[in-house]
>>> print(open('entry16.tsv').read())   # TSV, C-alpha atoms (C1' of nucleotides)
chain	number	residue	atom	x	y	z
A	1	MET	CA	-66.31	12.05	49.84
A	2	GLY	CA	-64.98	14.83	51.90
A	3	VAL	CA	-62.03	15.90	53.88
A	4	HIS	CA	-61.59	15.49	57.60
A	5	GLY	CA	-58.55	16.83	59.29
A	6	PHE	CA	-56.04	16.92	56.52
A	7	GLU	CA	-56.84	13.37	55.40
A	8	ARG	CA	-59.62	11.99	53.29
A	9	HIS	CA	-62.59	10.19	54.76
A	10	ASP	CA	-66.11	9.19	53.88
A	11	HIS	CA	-68.19	11.53	55.93
A	12	ALA	CA	-71.65	10.94	54.56
A	13	ARG	CA	-72.87	9.49	57.82
A	14	CYS	CA	-71.17	11.79	60.27
A	15	VAL	CA	-73.51	14.60	59.24
A	16	GLY	CA	-76.56	12.68	60.34
A	17	SER	CA	-74.83	11.50	63.45
A	18	ALA	CA	-73.84	15.00	64.47
A	19	LEU	CA	-77.36	16.27	63.82
A	20	ASP	CA	-78.74	13.49	65.99
A	21	THR	CA	-76.36	14.43	68.75
A	22	ALA	CA	-77.49	18.03	68.53
A	23	GLU	CA	-81.15	17.01	68.58
A	24	ARG	CA	-80.59	14.93	71.66
A	25	PHE	CA	-78.60	17.59	73.44
A	26	CYS	CA	-81.27	20.21	72.79
A	27	ALA	CA	-84.04	17.93	73.94
A	28	GLU	CA	-82.19	17.18	77.16
A	29	ASN	CA	-81.48	20.83	77.86
A	30	LYS	CA	-84.79	22.36	76.81
A	31	LEU	CA	-83.19	24.17	73.90
A	32	LYS	CA	-85.06	24.71	70.69
A	33	LEU	CA	-83.34	23.48	67.57
A	34	THR	CA	-85.73	25.35	65.32
A	35	PRO	CA	-85.83	24.76	61.54
A	36	ALA	CA	-83.56	27.68	60.73
A	37	ARG	CA	-81.01	26.71	63.36
A	38	ARG	CA	-81.12	23.09	62.34
A	39	ARG	CA	-80.70	23.93	58.67
A	40	VAL	CA	-77.70	26.18	59.32
A	41	LEU	CA	-76.04	23.46	61.36
A	42	GLU	CA	-76.81	20.95	58.64
A	43	ILE	CA	-75.25	23.18	56.01
A	44	LEU	CA	-72.09	23.64	58.04
A	45	LEU	CA	-71.86	19.92	58.69
A	46	SER	CA	-72.38	19.02	55.04
A	47	GLU	CA	-69.98	21.55	53.59
A	48	HIS	CA	-67.50	20.54	56.24
A	49	LYS	CA	-65.44	23.67	55.96
A	50	ALA	CA	-65.26	27.18	57.33
A	51	MET	CA	-67.99	29.31	55.75
A	52	GLY	CA	-68.79	32.98	55.91
A	53	ALA	CA	-72.20	33.95	57.23
A	54	TYR	CA	-73.14	35.23	53.81
A	55	ASP	CA	-72.15	31.95	52.15
A	56	ILE	CA	-74.66	30.23	54.40
A	57	LEU	CA	-77.18	32.96	53.79
A	58	ALA	CA	-76.90	32.42	50.04
A	59	ILE	CA	-77.81	28.77	50.47
A	60	LEU	CA	-80.75	29.60	52.70
A	61	ALA	CA	-81.94	32.20	50.22
A	62	ALA	CA	-81.78	29.70	47.37
A	63	GLU	CA	-84.09	27.47	49.39
A	64	GLY	CA	-86.62	30.22	49.89
A	65	VAL	CA	-86.03	30.36	53.63
A	66	GLY	CA	-85.58	33.73	55.28
A	67	SER	CA	-82.80	35.43	53.39
A	68	GLN	CA	-81.87	38.40	55.56
A	69	PRO	CA	-78.63	38.61	57.52
A	70	PRO	CA	-80.26	38.49	60.95
A	71	VAL	CA	-81.67	35.06	60.14
A	72	VAL	CA	-78.28	33.48	59.76
A	73	TYR	CA	-76.59	35.51	62.48
A	74	ARG	CA	-79.24	34.57	65.00
A	75	ALA	CA	-78.90	30.93	64.11
A	76	LEU	CA	-75.12	31.17	64.35
A	77	ASP	CA	-75.34	32.91	67.72
A	78	PHE	CA	-77.40	30.05	69.05
A	79	LEU	CA	-75.19	27.35	67.55
A	80	VAL	CA	-71.95	28.99	68.67
A	81	GLY	CA	-73.39	29.72	72.10
A	82	HIS	CA	-74.09	26.07	72.70
A	83	GLY	CA	-70.94	24.72	71.15
A	84	PHE	CA	-72.37	23.17	67.99
A	85	VAL	CA	-70.46	25.58	65.81
A	86	HIS	CA	-67.23	27.52	66.28
A	87	LYS	CA	-66.32	30.87	64.89
A	88	ILE	CA	-62.91	31.16	63.27
A	89	GLU	CA	-62.03	34.73	64.17
A	90	ARG	CA	-59.11	34.93	61.82
A	91	LEU	CA	-61.37	34.18	58.87
A	92	ASN	CA	-64.59	35.75	60.10
A	93	SER	CA	-66.21	32.46	59.36
A	94	TYR	CA	-67.89	29.51	60.99
A	95	ILE	CA	-67.34	25.79	61.13
A	96	ALA	CA	-69.28	22.89	62.63
A	97	CYS	CA	-67.76	21.51	65.79
A	98	ALA	CA	-65.62	18.47	65.06
A	99	HIS	CA	-65.81	17.06	68.56
A	100	PRO	CA	-69.39	17.51	69.71
A	101	GLY	CA	-70.23	16.60	73.24
A	102	ALA	CA	-66.77	17.14	74.65
A	103	THR	CA	-66.49	20.28	76.71
A	104	HIS	CA	-63.52	21.85	75.13
A	105	SER	CA	-61.64	25.02	74.43
A	106	PRO	CA	-61.01	24.34	70.80
A	107	ALA	CA	-57.90	25.31	68.88
A	108	PHE	CA	-57.71	25.54	65.12
A	109	MET	CA	-55.11	25.13	62.40
A	110	ILE	CA	-55.88	27.14	59.30
A	111	CYS	CA	-54.07	26.32	56.07
A	112	ARG	CA	-53.53	29.49	54.09
A	113	ALA	CA	-53.05	27.51	50.87
A	114	CYS	CA	-55.94	25.02	50.73
A	115	HIS	CA	-58.08	26.85	53.30
A	116	HIS	CA	-58.87	23.74	55.25
A	117	VAL	CA	-59.41	24.24	58.94
A	118	VAL	CA	-58.76	21.55	61.51
A	119	GLU	CA	-60.03	21.59	65.06
A	120	THR	CA	-57.42	20.03	67.29
A	121	PRO	CA	-58.66	17.57	69.85
A	122	ALA	CA	-55.80	18.55	72.14
A	123	GLN	CA	-56.21	20.95	75.00
A	124	VAL	CA	-53.70	23.64	74.20
A	125	SER	CA	-54.60	26.61	76.35
A	126	SER	CA	-52.99	25.66	79.66
A	127	GLY	CA	-50.35	28.35	79.29
A	128	LEU	CA	-53.04	30.94	78.74
A	129	ASP	CA	-54.92	29.77	81.80
A	130	GLY	CA	-51.79	30.10	83.88
A	131	ALA	CA	-51.09	33.61	82.66
A	132	ALA	CA	-54.70	34.59	83.44
A	133	ALA	CA	-54.50	33.13	86.93
A	134	ASP	CA	-51.32	35.11	87.56
A	135	ILE	CA	-53.07	38.43	87.07
A	136	GLY	CA	-56.48	37.42	88.40
A	137	PHE	CA	-58.22	37.51	85.03
A	138	ALA	CA	-61.33	35.34	84.81
A	139	ILE	CA	-61.45	33.71	81.39
A	140	GLU	CA	-64.86	33.11	79.87
A	141	ALA	CA	-63.96	32.40	76.25
A	142	ARG	CA	-60.80	31.53	74.39
A	143	VAL	CA	-59.63	32.08	70.84
A	144	VAL	CA	-56.72	29.89	69.82
A	145	GLU	CA	-55.92	29.73	66.13
A	146	ALA	CA	-52.81	29.05	64.11
A	147	GLU	CA	-52.36	29.94	60.47
A	148	GLY	CA	-49.79	28.28	58.27
A	149	LEU	CA	-49.36	25.37	55.89
A	150	CYS	CA	-50.92	21.97	56.34
A	151	PRO	CA	-48.85	18.86	55.60
A	152	ASN	CA	-50.34	18.51	52.12
A	153	CYS	CA	-49.52	22.06	51.11
A	154	GLN	CA	-45.93	22.13	52.31
A	155	SER	CA	-44.53	20.18	49.38
A	156	PRO	CA	-43.67	22.37	46.36
A	157	ASP	CA	-45.89	20.31	44.05
A	158	ALA	CA	-49.01	20.72	46.12
A	159	VAL	CA	-50.27	23.72	44.17
A	160	ALA	CA	-53.40	22.37	42.51
A	161	ARG	CA	-54.71	20.62	45.55
B	1	MET	CA	-52.80	59.35	83.28
B	2	GLY	CA	-53.68	56.14	81.63
B	3	VAL	CA	-54.10	52.50	82.24
B	4	HIS	CA	-51.51	49.83	81.69
B	5	GLY	CA	-52.27	46.24	82.28
B	6	PHE	CA	-55.18	46.43	84.63
B	7	GLU	CA	-53.41	48.87	86.96
B	8	ARG	CA	-53.00	52.60	86.76
B	9	HIS	CA	-49.77	54.17	85.65
B	10	ASP	CA	-48.45	57.41	84.32
B	11	HIS	CA	-47.75	56.62	80.74
B	12	ALA	CA	-47.03	60.03	79.31
B	13	ARG	CA	-43.45	59.13	78.62
B	14	CYS	CA	-43.89	55.59	77.37
B	15	VAL	CA	-45.49	56.90	74.18
B	16	GLY	CA	-42.40	58.85	73.25
B	17	SER	CA	-40.18	56.00	74.27
B	18	ALA	CA	-42.07	53.50	72.14
B	19	LEU	CA	-41.99	55.87	69.17
B	20	ASP	CA	-38.25	56.24	69.57
B	21	THR	CA	-37.86	52.49	69.64
B	22	ALA	CA	-39.86	52.22	66.44
B	23	GLU	CA	-37.81	54.96	64.79
B	24	ARG	CA	-34.61	53.22	65.69
B	25	PHE	CA	-35.82	49.82	64.58
B	26	CYS	CA	-36.92	51.19	61.22
B	27	ALA	CA	-33.65	53.03	60.69
B	28	GLU	CA	-31.68	49.87	61.44
B	29	ASN	CA	-33.76	47.75	59.12
B	30	LYS	CA	-34.22	50.17	56.25
B	31	LEU	CA	-37.93	50.44	56.86
B	32	LYS	CA	-39.77	53.67	56.25
B	33	LEU	CA	-41.76	55.01	59.15
B	34	THR	CA	-43.60	57.48	56.98
B	35	PRO	CA	-45.76	60.27	58.45
B	36	ALA	CA	-49.00	58.34	58.07
B	37	ARG	CA	-47.54	55.19	59.62
B	38	ARG	CA	-45.92	57.13	62.40
B	39	ARG	CA	-49.09	59.03	63.16
B	40	VAL	CA	-51.19	55.86	63.31
B	41	LEU	CA	-48.70	54.27	65.68
B	42	GLU	CA	-48.69	57.42	67.77
B	43	ILE	CA	-52.47	57.42	67.99
B	44	LEU	CA	-52.53	53.81	69.09
B	45	LEU	CA	-49.82	54.42	71.66
B	46	SER	CA	-51.55	57.51	73.05
B	47	GLU	CA	-55.01	56.06	73.25
B	48	HIS	CA	-53.50	52.97	74.76
B	49	LYS	CA	-56.44	50.78	73.97
B	50	ALA	CA	-57.78	48.60	71.21
B	51	MET	CA	-59.19	50.76	68.43
B	52	GLY	CA	-61.14	49.98	65.30
B	53	ALA	CA	-59.60	51.04	62.02
B	54	TYR	CA	-62.39	53.55	61.57
B	55	ASP	CA	-61.78	55.09	64.99
B	56	ILE	CA	-58.23	55.80	63.88
B	57	LEU	CA	-59.46	56.99	60.53
B	58	ALA	CA	-61.76	59.51	62.20
B	59	ILE	CA	-58.81	61.03	64.05
B	60	LEU	CA	-56.72	61.22	60.91
B	61	ALA	CA	-59.60	62.80	59.05
B	62	ALA	CA	-60.03	65.44	61.76
B	63	GLU	CA	-56.39	66.36	61.24
B	64	GLY	CA	-56.84	66.77	57.52
B	65	VAL	CA	-54.61	63.85	56.67
B	66	GLY	CA	-55.76	61.34	54.11
B	67	SER	CA	-59.13	60.20	55.29
B	68	GLN	CA	-59.93	57.17	53.15
B	69	PRO	CA	-59.93	53.62	54.49
B	70	PRO	CA	-56.89	52.45	52.50
B	71	VAL	CA	-54.75	55.05	54.24
B	72	VAL	CA	-55.28	53.56	57.65
B	73	TYR	CA	-55.34	49.95	56.49
B	74	ARG	CA	-52.03	50.35	54.70
B	75	ALA	CA	-50.46	51.90	57.77
B	76	LEU	CA	-51.87	49.14	59.93
B	77	ASP	CA	-50.60	46.46	57.56
B	78	PHE	CA	-47.13	47.88	57.88
B	79	LEU	CA	-47.27	48.27	61.63
B	80	VAL	CA	-48.75	44.83	62.22
B	81	GLY	CA	-46.34	43.26	59.74
B	82	HIS	CA	-43.37	44.52	61.68
B	83	GLY	CA	-44.75	43.89	65.13
B	84	PHE	CA	-45.37	47.48	66.25
B	85	VAL	CA	-49.09	46.86	66.45
B	86	HIS	CA	-51.20	43.77	67.01
B	87	LYS	CA	-54.63	42.99	65.68
B	88	ILE	CA	-57.17	41.73	68.19
B	89	GLU	CA	-59.16	39.35	66.00
B	90	ARG	CA	-61.96	38.97	68.49
B	91	LEU	CA	-62.65	42.70	68.38
B	92	ASN	CA	-61.60	43.48	64.82
B	93	SER	CA	-59.42	46.14	66.30
B	94	TYR	CA	-55.82	47.12	66.77
B	95	ILE	CA	-53.55	47.86	69.71
B	96	ALA	CA	-49.97	49.07	70.02
B	97	CYS	CA	-47.51	46.40	71.02
B	98	ALA	CA	-46.87	46.48	74.75
B	99	HIS	CA	-43.53	44.69	74.56
B	100	PRO	CA	-41.71	46.12	71.58
B	101	GLY	CA	-38.45	44.61	70.59
B	102	ALA	CA	-39.13	41.18	71.99
B	103	THR	CA	-39.86	38.59	69.36
B	104	HIS	CA	-43.05	37.16	70.66
B	105	SER	CA	-46.24	35.37	69.88
B	106	PRO	CA	-48.47	37.62	71.86
B	107	ALA	CA	-51.53	36.57	73.83
B	108	PHE	CA	-54.26	38.92	74.95
B	109	MET	CA	-56.77	39.21	77.75
B	110	ILE	CA	-59.86	41.15	76.78
B	111	CYS	CA	-62.16	42.44	79.52
B	112	ARG	CA	-65.73	42.38	78.28
B	113	ALA	CA	-66.79	44.94	80.92
B	114	CYS	CA	-64.22	47.72	80.78
B	115	HIS	CA	-62.88	46.79	77.35
B	116	HIS	CA	-59.28	46.99	78.40
B	117	VAL	CA	-56.93	44.66	76.59
B	118	VAL	CA	-53.72	43.38	78.11
B	119	GLU	CA	-50.92	41.78	76.19
B	120	THR	CA	-49.37	39.05	78.28
B	121	PRO	CA	-45.62	38.94	78.40
B	122	ALA	CA	-45.77	35.18	78.88
B	123	GLN	CA	-45.24	32.72	76.09
B	124	VAL	CA	-48.44	30.74	76.12
B	125	SER	CA	-48.60	28.88	72.86
B	126	SER	CA	-46.41	25.88	73.57
B	127	GLY	CA	-49.38	23.54	73.62
B	128	LEU	CA	-50.42	24.79	70.22
B	129	ASP	CA	-46.94	24.28	68.84
B	130	GLY	CA	-46.95	20.72	70.10
B	131	ALA	CA	-50.31	19.94	68.53
B	132	ALA	CA	-49.10	21.41	65.24
B	133	ALA	CA	-45.91	19.36	65.31
B	134	ASP	CA	-47.97	16.21	65.90
B	135	ILE	CA	-49.82	16.59	62.63
B	136	GLY	CA	-47.03	18.21	60.64
B	137	PHE	CA	-48.65	21.61	60.41
B	138	ALA	CA	-46.23	24.51	59.89
B	139	ILE	CA	-47.38	27.47	61.94
B	140	GLU	CA	-46.74	30.92	60.52
B	141	ALA	CA	-48.97	33.07	62.71
B	142	ARG	CA	-50.83	32.60	65.97
B	143	VAL	CA	-53.96	34.09	67.44
B	144	VAL	CA	-54.31	33.64	71.18
B	145	GLU	CA	-56.95	35.69	72.92
B	146	ALA	CA	-59.02	35.26	76.06
B	147	GLU	CA	-62.18	37.14	76.84
B	148	GLY	CA	-63.54	37.52	80.34
B	149	LEU	CA	-63.42	39.80	83.35
B	150	CYS	CA	-60.35	41.64	84.53
B	151	PRO	CA	-59.61	41.82	88.26
B	152	ASN	CA	-61.17	45.27	88.56
B	153	CYS	CA	-64.44	44.25	86.94
B	154	GLN	CA	-65.01	41.07	88.91
B	155	SER	CA	-66.25	42.78	92.05
B	156	PRO	CA	-69.99	43.58	91.97
B	157	ASP	CA	-69.37	47.28	92.63
B	158	ALA	CA	-67.07	47.76	89.68
B	159	VAL	CA	-69.79	48.97	87.36
B	160	ALA	CA	-68.85	52.56	86.69
B	161	ARG	CA	-65.19	51.91	86.21
C	1	DA	C1'	-27.88	64.77	36.60
C	2	DA	C1'	-31.13	61.75	34.31
C	3	DC	C1'	-33.11	56.84	34.35
C	4	DT	C1'	-35.39	53.15	36.34
C	5	DG	C1'	-37.80	49.98	39.24
C	6	DA	C1'	-39.85	49.52	43.69
C	7	DA	C1'	-42.35	51.30	47.20
C	8	DA	C1'	-45.75	54.51	48.97
C	9	DT	C1'	-49.96	57.64	48.21
C	10	DG	C1'	-54.29	59.41	46.54
C	11	DT	C1'	-58.88	58.40	45.18
C	12	DT	C1'	-63.19	56.23	43.99
C	13	DA	C1'	-65.97	52.64	44.48
C	14	DT	C1'	-67.43	48.31	46.09
C	15	DT	C1'	-67.83	44.14	48.82
C	16	DC	C1'	-68.09	41.72	53.01
C	17	DT	C1'	-69.47	41.42	57.96
C	18	DG	C1'	-72.42	42.36	61.51
C	19	DT	C1'	-76.10	45.06	64.30
C	20	DA	C1'	-80.01	48.17	65.63
C	21	DT	C1'	-84.67	48.49	65.66
C	22	DC	C1'	-89.33	47.60	65.72
C	23	DA	C1'	-93.38	44.87	64.68
C	24	DA	C1'	-95.49	40.39	64.84
C	25	DG	C1'	-95.90	35.67	65.95
C	26	DT	C1'	-95.38	31.48	69.11
C	27	DC	C1'	-94.80	28.97	73.08
C	28	DT	C1'	-95.16	27.86	77.86
C	29	DT	C1'	-96.37	28.26	82.33
C	30	DG	C1'	-98.87	29.72	86.12
D	1	DC	C1'	-106.56	32.56	79.14
D	2	DA	C1'	-103.21	36.07	80.37
D	3	DA	C1'	-98.35	37.41	81.07
D	4	DG	C1'	-93.87	37.01	79.96
D	5	DA	C1'	-90.13	35.07	77.44
D	6	DC	C1'	-88.41	33.65	73.34
D	7	DT	C1'	-88.30	33.42	68.30
D	8	DT	C1'	-89.13	35.34	63.79
D	9	DG	C1'	-89.73	38.86	59.91
D	10	DA	C1'	-88.18	42.83	57.73
D	11	DT	C1'	-85.96	47.29	56.78
D	12	DA	C1'	-82.22	49.81	57.32
D	13	DC	C1'	-77.80	50.89	58.64
D	14	DA	C1'	-72.99	50.73	60.57
D	15	DG	C1'	-68.48	48.89	60.56
D	16	DA	C1'	-64.53	46.33	58.40
D	17	DA	C1'	-61.78	45.52	54.54
D	18	DT	C1'	-60.32	45.31	49.73
D	19	DA	C1'	-60.15	46.13	44.43
D	20	DA	C1'	-58.47	48.82	41.04
D	21	DC	C1'	-56.40	52.63	39.05
D	22	DA	C1'	-53.50	56.67	38.53
D	23	DT	C1'	-49.83	59.34	40.59
D	24	DT	C1'	-45.91	60.37	43.29
D	25	DT	C1'	-41.73	59.63	45.89
D	26	DC	C1'	-37.37	57.75	46.49
D	27	DA	C1'	-33.11	54.84	46.53
D	28	DG	C1'	-29.85	52.99	43.65
D	29	DT	C1'	-27.76	52.96	39.01
D	30	DT	C1'	-25.89	54.51	34.84
>>> encode(input="entry16.tsv", output="structure tokens")
Amino acid sequence: MGVHGFERHDHARCVGSALDTAERFCAENKLKLTPARRRVLEILLSEHKAMGAYDILAILAAEGVGSQPPVVYRALDFLVGHGFVHKIERLNSYIACAHPGATHSPAFMICRACHHVVETPAQVSSGLDGAAADIGFAIEARVVEAEGLCPNCQSPDAVAR
Amino acid sequence: MGVHGFERHDHARCVGSALDTAERFCAENKLKLTPARRRVLEILLSEHKAMGAYDILAILAAEGVGSQPPVVYRALDFLVGHGFVHKIERLNSYIACAHPGATHSPAFMICRACHHVVETPAQVSSGLDGAAADIGFAIEARVVEAEGLCPNCQSPDAVAR
DNA sequence: AACTGAAATGTTATTCTGTATCAAGTCTTG
DNA sequence: CAAGACTTGATACAGAATAACATTTCAGTT
């Protein structure tokens, strides 16, 4: 059992599915999903939450894989660069992409109470694009994040969730 | 001389003006613009760019003021909390508000070449608000940043700018 | 004027995040 | 197989932020 969005769901299989998608994408685009990269993606998919680089590093270290910061940062650079993983700037942490395949400019909702992070499927940056066009700014990357309370944490009795 | 937006401008006087605005706002709202807070704001206004906390700290230290990290982080917390300064999450740095007074959810354009940061006057987060409303998420804070090339840095000969 | 509670400072230390650097291996492509 | 590009290993360091504690300042109250 896990949590997807702010609702429950059985996500045992979506990990494998997402890994398969990544494998396929890399094969098609001559990218190398090396063991370290694959393992980091797998960890992020399994945990299904935003994780700090050092949280991931701790897991790698426990498995005897390379346990120095550059190992995980290099893997994250690759995964973020190709859209398999997103960085949540507000939290200095990383989360597996919830909508792989789709070319998107993701937006995130971060609950400050339960710390769940949801990637919105919606395209929300049109206003930003317009403002950039107005001044001739060429956008290459977007950061769109909202922090607040998720539906579950807005009720007064939602403390121990 | 300085740079405002992505155009040149003489901004000698806008520093004083912005400081006055802050003074007035604090007086009206019973907030204390203490020397350390005022000095940090002044530095950010003068430099007129995004600065890391430790850049600011170095300046404070050179002046003999308190030179430990908490000094600058406390000042920044105050200034960010009341909207005098914004944090650029993408850069882990801070910039003086370019539109003081206006209640806004700021958005930023970050040039990866010349490192200038522009705060857009436009309200760009309506799409995000809509997506949040759809799922019942209560937004308390927004992060909207775009990274790319400013007009000046898009031409091939704009290297040494 | 003295008392009190809240806010602001001073200080030391520590933790978390991320990069620079250089040496060594691997892969692939002509 | 040689050259170049990419990936890894490893050490060290730089940069960002907070914890925890004692001390001081200050506005409002008695």
>>> closest_atom_pairs(input="entry16.tsv", of="chain C", to="chain A", cutoff="12 Å", atoms="all atoms listed in the file", output="Markdown table")
| residue | atom | partner | partner_atom | distance |
| --- | --- | --- | --- | --- |
| C:DT15 | C1' | A:Tyr54 | CA | 11.5 |
| C:DC16 | C1' | A:Tyr54 | CA | 8.3 |
| C:DT17 | C1' | A:Asn92 | CA | 7.8 |
| C:DG18 | C1' | A:Tyr73 | CA | 8.1 |
| C:DT19 | C1' | A:Pro70 | CA | 8.5 |
| C:DA20 | C1' | A:Pro70 | CA | 10.8 |
| C:DT21 | C1' | A:Pro70 | CA | 11.9 |
| C:DC27 | C1' | A:Lys32 | CA | 10.9 |
| C:DT28 | C1' | A:Lys30 | CA | 11.8 |
>>> closest_atom_pairs(input="entry16.tsv", of="chain A", to="chain B", cutoff="6 Å", atoms="all atoms listed in the file", output="Markdown table")
| residue | atom | partner | partner_atom | distance |
| --- | --- | --- | --- | --- |
| A:Glu89 | CA | B:Glu89 | CA | 5.7 |
| A:Val124 | CA | B:Gly127 | CA | 4.4 |
| A:Gly127 | CA | B:Val124 | CA | 4.4 |
| A:Leu128 | CA | B:Val124 | CA | 5.3 |
| A:Gly136 | CA | B:Pro151 | CA | 5.4 |
| A:Phe137 | CA | B:Cys150 | CA | 4.7 |
| A:Ala138 | CA | B:Leu149 | CA | 5.1 |
| A:Ile139 | CA | B:Gly148 | CA | 4.5 |
| A:Glu140 | CA | B:Gly148 | CA | 4.6 |
| A:Ala141 | CA | B:Glu147 | CA | 5.1 |
| A:Arg142 | CA | B:Ala146 | CA | 4.5 |
| A:Val143 | CA | B:Glu145 | CA | 5.0 |
| A:Val144 | CA | B:Val144 | CA | 4.7 |
| A:Glu145 | CA | B:Val143 | CA | 5.0 |
| A:Ala146 | CA | B:Arg142 | CA | 4.5 |
| A:Glu147 | CA | B:Ala141 | CA | 5.1 |
| A:Gly148 | CA | B:Ile139 | CA | 4.5 |
| A:Leu149 | CA | B:Ala138 | CA | 5.2 |
| A:Cys150 | CA | B:Phe137 | CA | 4.7 |
| A:Pro151 | CA | B:Gly136 | CA | 5.4 |
>>> residues_around(input="entry16.tsv", residues="C:DT26", least_positions_apart="2", cutoff="12 Å", atoms="all atoms listed in the file", output="list in words")
DA24 and DT28 of chain C; DA5, DC6, DT7 and DT8 of chain D
>>> interface_residues(input="entry16.tsv", of="chain A", to="chain D", cutoff="9 Å", atoms="only C-alpha atoms (C1' of nucleotides)", output="list in words")
Thr34, Gly66, Gln68 and Val71 of chain A
>>> residues_around(input="entry16.tsv", residues="stretch 80-82 of chain A", least_positions_apart="5", cutoff="12 Å", atoms="all atoms listed in the file", output="ChimeraX atom specification")
/A:22,25-26,29,31-33,37,40-41,44,72-75,87-88,93-97,100-104,141
>>> decode(input="entry16.tsv", residues="stretch 32-48 of chain B", atoms="N, CA and C atoms", output="mmCIF file, in the first residue's frame")
data_model
loop_
_atom_site.group_PDB
_atom_site.id
_atom_site.type_symbol
_atom_site.label_atom_id
_atom_site.label_comp_id
_atom_site.auth_asym_id
_atom_site.auth_seq_id
_atom_site.Cartn_x
_atom_site.Cartn_y
_atom_site.Cartn_z
ATOM 1 N N LYS B 32 9.651 45.833 13.749
ATOM 2 C CA LYS B 32 10.917 46.485 14.064
ATOM 3 C C LYS B 32 11.950 46.257 12.969
ATOM 4 N N LEU B 33 12.258 47.314 12.257
ATOM 5 C CA LEU B 33 13.318 47.229 11.256
ATOM 6 C C LEU B 33 14.629 47.546 11.977
ATOM 7 N N THR B 34 15.125 46.540 12.654
ATOM 8 C CA THR B 34 16.337 46.718 13.462
ATOM 9 C C THR B 34 17.558 46.942 12.562
ATOM 10 N N PRO B 35 18.666 47.395 13.147
ATOM 11 C CA PRO B 35 19.858 47.691 12.346
ATOM 12 C C PRO B 35 20.290 46.529 11.449
ATOM 13 N N ALA B 36 20.324 45.335 12.008
ATOM 14 C CA ALA B 36 20.766 44.197 11.209
ATOM 15 C C ALA B 36 19.802 43.965 10.040
ATOM 16 N N ARG B 37 18.519 44.008 10.312
ATOM 17 C CA ARG B 37 17.529 43.775 9.266
ATOM 18 C C ARG B 37 17.618 44.867 8.209
ATOM 19 N N ARG B 38 17.728 46.095 8.686
ATOM 20 C CA ARG B 38 17.804 47.213 7.765
ATOM 21 C C ARG B 38 19.045 47.116 6.885
ATOM 22 N N ARG B 39 20.147 46.740 7.503
ATOM 23 C CA ARG B 39 21.396 46.662 6.748
ATOM 24 C C ARG B 39 21.334 45.565 5.702
ATOM 25 N N VAL B 40 20.742 44.430 6.045
ATOM 26 C CA VAL B 40 20.635 43.339 5.077
ATOM 27 C C VAL B 40 19.759 43.769 3.904
ATOM 28 N N LEU B 41 18.659 44.434 4.210
ATOM 29 C CA LEU B 41 17.793 44.918 3.136
ATOM 30 C C LEU B 41 18.540 45.907 2.257
ATOM 31 N N GLU B 42 19.295 46.781 2.903
ATOM 32 C CA GLU B 42 20.046 47.794 2.177
ATOM 33 C C GLU B 42 21.069 47.147 1.240
ATOM 34 N N ILE B 43 21.735 46.135 1.743
ATOM 35 C CA ILE B 43 22.714 45.424 0.914
ATOM 36 C C ILE B 43 22.032 44.815 -0.304
ATOM 37 N N LEU B 44 20.911 44.166 -0.065
ATOM 38 C CA LEU B 44 20.216 43.522 -1.184
ATOM 39 C C LEU B 44 19.702 44.553 -2.181
ATOM 40 N N LEU B 45 19.248 45.686 -1.683
ATOM 41 C CA LEU B 45 18.780 46.738 -2.586
ATOM 42 C C LEU B 45 19.944 47.309 -3.398
ATOM 43 N N SER B 46 21.063 47.551 -2.732
ATOM 44 C CA SER B 46 22.205 48.153 -3.417
ATOM 45 C C SER B 46 22.795 47.226 -4.468
ATOM 46 N N GLU B 47 23.018 45.998 -4.073
ATOM 47 C CA GLU B 47 23.626 45.051 -5.007
ATOM 48 C C GLU B 47 22.672 44.771 -6.153
ATOM 49 N N HIS B 48 21.403 44.815 -5.850
ATOM 50 C CA HIS B 48 20.392 44.682 -6.885
ATOM 51 C C HIS B 48 20.546 43.406 -7.690
#
